Amino acid sequence: MEAVVAASQEGNLLTKAQAKEVDAKVFTAKTLKFSDQKDVEQSIVKLDKELSAEKRLSSLLAKTQIVQPSRGEKKQLVNMATKNAQSQLQLKFDVAERDILKTTKAVENLGKILGIPKPVRIESFDNSNIMGTSPVSAMVVFIDGKPSKKDYRKYKIKTVVGADDYASMREVMTRRYSRALKEETALPDLIAMDGGAGQVNIAKQVLKELGLSIPVAGMQKNDKHQTSELLFGDPLDVVPLSRQSQEFFLLTRIQDEVHRFAITFHRQLRGKNIFSSKLDGIVGLGPKRKQKLLTTFKNLKAIEEASVQEVAEAGIPYEVAERVKTTLSGPIQENENWESLKDIVPLLEGKK
């Protein structure tokens with residue numbers, strides 16, 4: 001059996017993964033003739049784990065015959081192996097270059113366009129609610145143009161009643177940056193608000209009250225809820241930015257991500273609130289038993305469709321399970337009827 005492998009000029013046998021990482025020009029393709037394929041494969045697996053690279057080739061020599069062809073079919077195999085290695089390497093370079101253009105270079109260029117130092121750390125905020133219910137806010141962080149999910153934060157609105165986007169943003173930003181100052185944690189190089197002049201001005205007021213000087217930009221959307229333009233400066237003005245530029249694509253990714261994160265959190269919280277509110281007041285059904293129902297059935301509809309016995313099998317006493325079924329089968333108030341809201345939720349979520 002014959003196979004083409006890559007070896008360095010020093011004579012060390014390399015794995016396929018190692019060969020892809022290094023310029024093919026520094027390699028010499030060799031054709032190894034193996035007497036038994038299974039024995040060689042087992043040896044290679046074992047040697048990769050137990051022996052250093054310097055000993056691999058010499059350890060295999062006892063079972064192999066090395067041939068360095070100058071013409072014929074084997075030479076063609078050598079040329080093909082070299083060409084494949086060069087192609088793989090170029091592909092990696094191309095992918096890396098595109099990644100740099102989309103992230104690090106885009107961040108650097110964005111800083112130049114705005115006239116600020118390179119904004120390595122960008123933080124963005126967005127609010128989410130439906131008719132003022134379960135209001136939440138979320139913050140996402142991009143470092144060098146890439147999302148840093150360990151730094152994402154979720155906020156339940158505590159001091160605002162109803163759907164007040166500006167007051168909610170003021171509360172959340174005050175909480176975020178007051179804590180950052182207290183704990184001396186990282187501050188952003190740029191704050192990119194999901195919104196226009198109103199959101200940007202609120203952010204600037206909060207920062208001024210806290211004694212912070214951080215650039216703030218606004219990512220304004222069009223009627224189709226798509227990233228439309230970037231606002232920046234004092235007074236605020238539209239930043240000339242090509243929609244085909246990597247900088248614009250970066251801002252779009254940030255805005256889409258913060259919106260996704262906020263909406264996801266709001267849906268989770270809203271689902272729990274709807275679940276809990278319809279089960280409130282049932283004698284014998286406390287928080288722990290509600291959690292058992294939520295874990296078992298996932299939603300209210302599943303409980304409504306279940307039998308009393310199935311509800312009891314979720315760890316609920318039979319008499320309490322009967323009360324649950326009686327309550328859920330009773331008349332539902334219009335403002336509690338989730339089915340009546342489900343058709344308009346997507347429209348409301350798209351228009352805050």
# chains A, B, ... in the order shown; residues from 1 in each chain; ligands from 1

$ select_by_dssp --residues "stretch 93-307 of chain A" --states "alpha helix (DSSP H)" --output "MDAnalysis selection string"
chainID A and resid 93:102 104:114 165:183 197:209 246:279 287:297 300:305

$ residues_around --residues "A:Ile143" --least-positions-apart "5" --cutoff "8 Å" --atoms "only C-alpha atoms" --output "PyMOL selection string"
chain A and resi 120-122+148

$ write_last_selection --atoms "N, CA and C atoms" --output "PDB file, in the first residue's frame"
ATOM      1  N   VAL A 120     -11.926  49.571  20.392  1.00  0.00           N
ATOM      2  CA  VAL A 120     -11.742  48.122  20.548  1.00  0.00           C
ATOM      3  C   VAL A 120     -12.966  47.488  21.209  1.00  0.00           C
ATOM      4  N   ARG A 121     -13.460  48.126  22.258  1.00  0.00           N
ATOM      5  CA  ARG A 121     -14.634  47.606  22.977  1.00  0.00           C
ATOM      6  C   ARG A 121     -15.840  48.497  22.677  1.00  0.00           C
ATOM      7  N   ILE A 122     -16.853  47.901  22.052  1.00  0.00           N
ATOM      8  CA  ILE A 122     -18.084  48.620  21.729  1.00  0.00           C
ATOM      9  C   ILE A 122     -19.236  47.975  22.495  1.00  0.00           C
ATOM     10  N   SER A 148     -18.514  39.438  22.309  1.00  0.00           N
ATOM     11  CA  SER A 148     -17.928  38.861  23.514  1.00  0.00           C
ATOM     12  C   SER A 148     -19.079  38.478  24.437  1.00  0.00           C
TER      13      SER A 148
END

$ residues_around --residues "A:Lys118" --least-positions-apart "6" --cutoff "9 Å" --atoms "only C-alpha atoms" --output "ChimeraX atom specification"
/A:107-112,189

$ write_last_selection --atoms "N, CA, C and O atoms" --output "PDB file, in the first residue's frame"
ATOM      1  N   VAL A 107     -13.181  47.898  12.676  1.00  0.00           N
ATOM      2  CA  VAL A 107     -13.170  48.679  13.911  1.00  0.00           C
ATOM      3  C   VAL A 107     -12.187  49.845  13.797  1.00  0.00           C
ATOM      4  O   VAL A 107     -12.488  50.984  14.183  1.00  0.00           O
ATOM      5  N   GLU A 108     -11.018  49.557  13.269  1.00  0.00           N
ATOM      6  CA  GLU A 108     -10.004  50.594  13.101  1.00  0.00           C
ATOM      7  C   GLU A 108     -10.498  51.713  12.174  1.00  0.00           C
ATOM      8  O   GLU A 108     -10.354  52.898  12.480  1.00  0.00           O
ATOM      9  N   ASN A 109     -11.110  51.320  11.056  1.00  0.00           N
ATOM     10  CA  ASN A 109     -11.623  52.312  10.111  1.00  0.00           C
ATOM     11  C   ASN A 109     -12.785  53.103  10.698  1.00  0.00           C
ATOM     12  O   ASN A 109     -12.931  54.307  10.431  1.00  0.00           O
ATOM     13  N   LEU A 110     -13.630  52.441  11.497  1.00  0.00           N
ATOM     14  CA  LEU A 110     -14.747  53.136  12.140  1.00  0.00           C
ATOM     15  C   LEU A 110     -14.231  54.234  13.063  1.00  0.00           C
ATOM     16  O   LEU A 110     -14.781  55.344  13.093  1.00  0.00           O
ATOM     17  N   GLY A 111     -13.168  53.941  13.798  1.00  0.00           N
ATOM     18  CA  GLY A 111     -12.569  54.951  14.660  1.00  0.00           C
ATOM     19  C   GLY A 111     -12.068  56.148  13.865  1.00  0.00           C
ATOM     20  O   GLY A 111     -12.261  57.306  14.262  1.00  0.00           O
ATOM     21  N   LYS A 112     -11.439  55.881  12.732  1.00  0.00           N
ATOM     22  CA  LYS A 112     -10.936  56.975  11.881  1.00  0.00           C
ATOM     23  C   LYS A 112     -12.082  57.824  11.342  1.00  0.00           C
ATOM     24  O   LYS A 112     -11.997  59.054  11.306  1.00  0.00           O
ATOM     25  N   ASP A 189     -14.987  51.792  24.618  1.00  0.00           N
ATOM     26  CA  ASP A 189     -14.368  52.875  23.852  1.00  0.00           C
ATOM     27  C   ASP A 189     -15.416  53.601  23.019  1.00  0.00           C
ATOM     28  O   ASP A 189     -15.180  54.720  22.554  1.00  0.00           O
TER      29      ASP A 189
END

$ residues_around --residues "A:Val136" --least-positions-apart "5" --cutoff "6 Å" --atoms "only C-alpha atoms" --output "compact mmCIF listing (two decimals) with all heavy atoms, in the first residue's frame"
# COMPACT_ATOMS: atom_id res chain seq x y z
N ASN A 127 -33.94 48.14 24.29
CA ASN A 127 -35.06 47.82 25.17
C ASN A 127 -36.06 46.93 24.44
O ASN A 127 -36.12 46.94 23.20
CB ASN A 127 -35.79 49.09 25.63
CG ASN A 127 -34.89 50.00 26.44
OD1 ASN A 127 -34.03 49.53 27.17
ND2 ASN A 127 -35.09 51.30 26.30
N SER A 128 -36.87 46.21 25.22
CA SER A 128 -37.91 45.38 24.61
C SER A 128 -39.09 45.25 25.56
O SER A 128 -38.92 45.00 26.76
CB SER A 128 -37.37 43.98 24.28
OG SER A 128 -38.37 43.20 23.65
N TYR A 155 -31.16 43.02 31.72
CA TYR A 155 -31.67 43.90 32.78
C TYR A 155 -33.20 43.85 32.80
O TYR A 155 -33.86 44.03 31.78
CB TYR A 155 -31.25 45.35 32.55
CG TYR A 155 -29.76 45.58 32.55
CD1 TYR A 155 -29.04 45.53 31.36
CD2 TYR A 155 -29.07 45.86 33.73
CE1 TYR A 155 -27.66 45.75 31.35
CE2 TYR A 155 -27.70 46.09 33.72
CZ TYR A 155 -27.01 46.02 32.53
OH TYR A 155 -25.65 46.24 32.52
N LYS A 156 -33.75 43.60 33.98
CA LYS A 156 -35.18 43.79 34.19
C LYS A 156 -35.39 45.24 34.61
O LYS A 156 -34.71 45.73 35.51
CB LYS A 156 -35.70 42.86 35.28
CG LYS A 156 -35.68 41.39 34.93
CD LYS A 156 -36.24 40.56 36.07
CE LYS A 156 -36.19 39.07 35.77
NZ LYS A 156 -36.70 38.27 36.91
N ILE A 157 -36.33 45.92 33.97
CA ILE A 157 -36.61 47.31 34.31
C ILE A 157 -37.30 47.35 35.67
O ILE A 157 -38.32 46.69 35.89
CB ILE A 157 -37.48 47.98 33.23
CG1 ILE A 157 -36.79 47.88 31.87
CG2 ILE A 157 -37.75 49.44 33.60
CD1 ILE A 157 -35.42 48.50 31.80

$ select_by_dssp --residues "stretch 199-347 of chain A" --states "strand (DSSP E)" --output "list in words"
Val216, Ala217, Gly218, Met219, Gln220, Lys221, Thr227, Ser228, Glu229, Leu230, Leu231, Phe232, Asp237, Val238 and Val239 of chain A

$ write_last_selection --atoms "C-alpha atoms" --output "PDB file, in the first residue's frame"
ATOM      1  CA  VAL A 216     -21.822  57.767  21.847  1.00  0.00           C
ATOM      2  CA  ALA A 217     -23.233  56.990  18.406  1.00  0.00           C
ATOM      3  CA  GLY A 218     -26.765  56.213  17.299  1.00  0.00           C
ATOM      4  CA  MET A 219     -27.669  53.390  14.918  1.00  0.00           C
ATOM      5  CA  GLN A 220     -30.872  54.620  13.335  1.00  0.00           C
ATOM      6  CA  LYS A 221     -33.266  52.304  11.510  1.00  0.00           C
ATOM      7  CA  THR A 227     -29.967  49.662   9.959  1.00  0.00           C
ATOM      8  CA  SER A 228     -30.158  52.889   7.956  1.00  0.00           C
ATOM      9  CA  GLU A 229     -27.596  55.438   9.153  1.00  0.00           C
ATOM     10  CA  LEU A 230     -25.070  56.285  11.839  1.00  0.00           C
ATOM     11  CA  LEU A 231     -25.465  59.415  13.967  1.00  0.00           C
ATOM     12  CA  PHE A 232     -22.508  60.971  15.719  1.00  0.00           C
ATOM     13  CA  ASP A 237     -25.200  64.534  12.340  1.00  0.00           C
ATOM     14  CA  VAL A 238     -25.386  61.666   9.874  1.00  0.00           C
ATOM     15  CA  VAL A 239     -21.979  60.061   9.283  1.00  0.00           C
TER      16      VAL A 239
END

$ closest_residue --among "A:Leu89, A:Ala192, A:Leu181, A:Ile214" --to "A:Leu250" --atoms "only C-alpha atoms"
A:Ala192

$ residues_around --residues "A:Glu313" --least-positions-apart "4" --cutoff "12 Å" --atoms "only C-alpha atoms" --output "ChimeraX atom specification"
/A:289,292-293,296-297,303,306-309,317-318,320-321
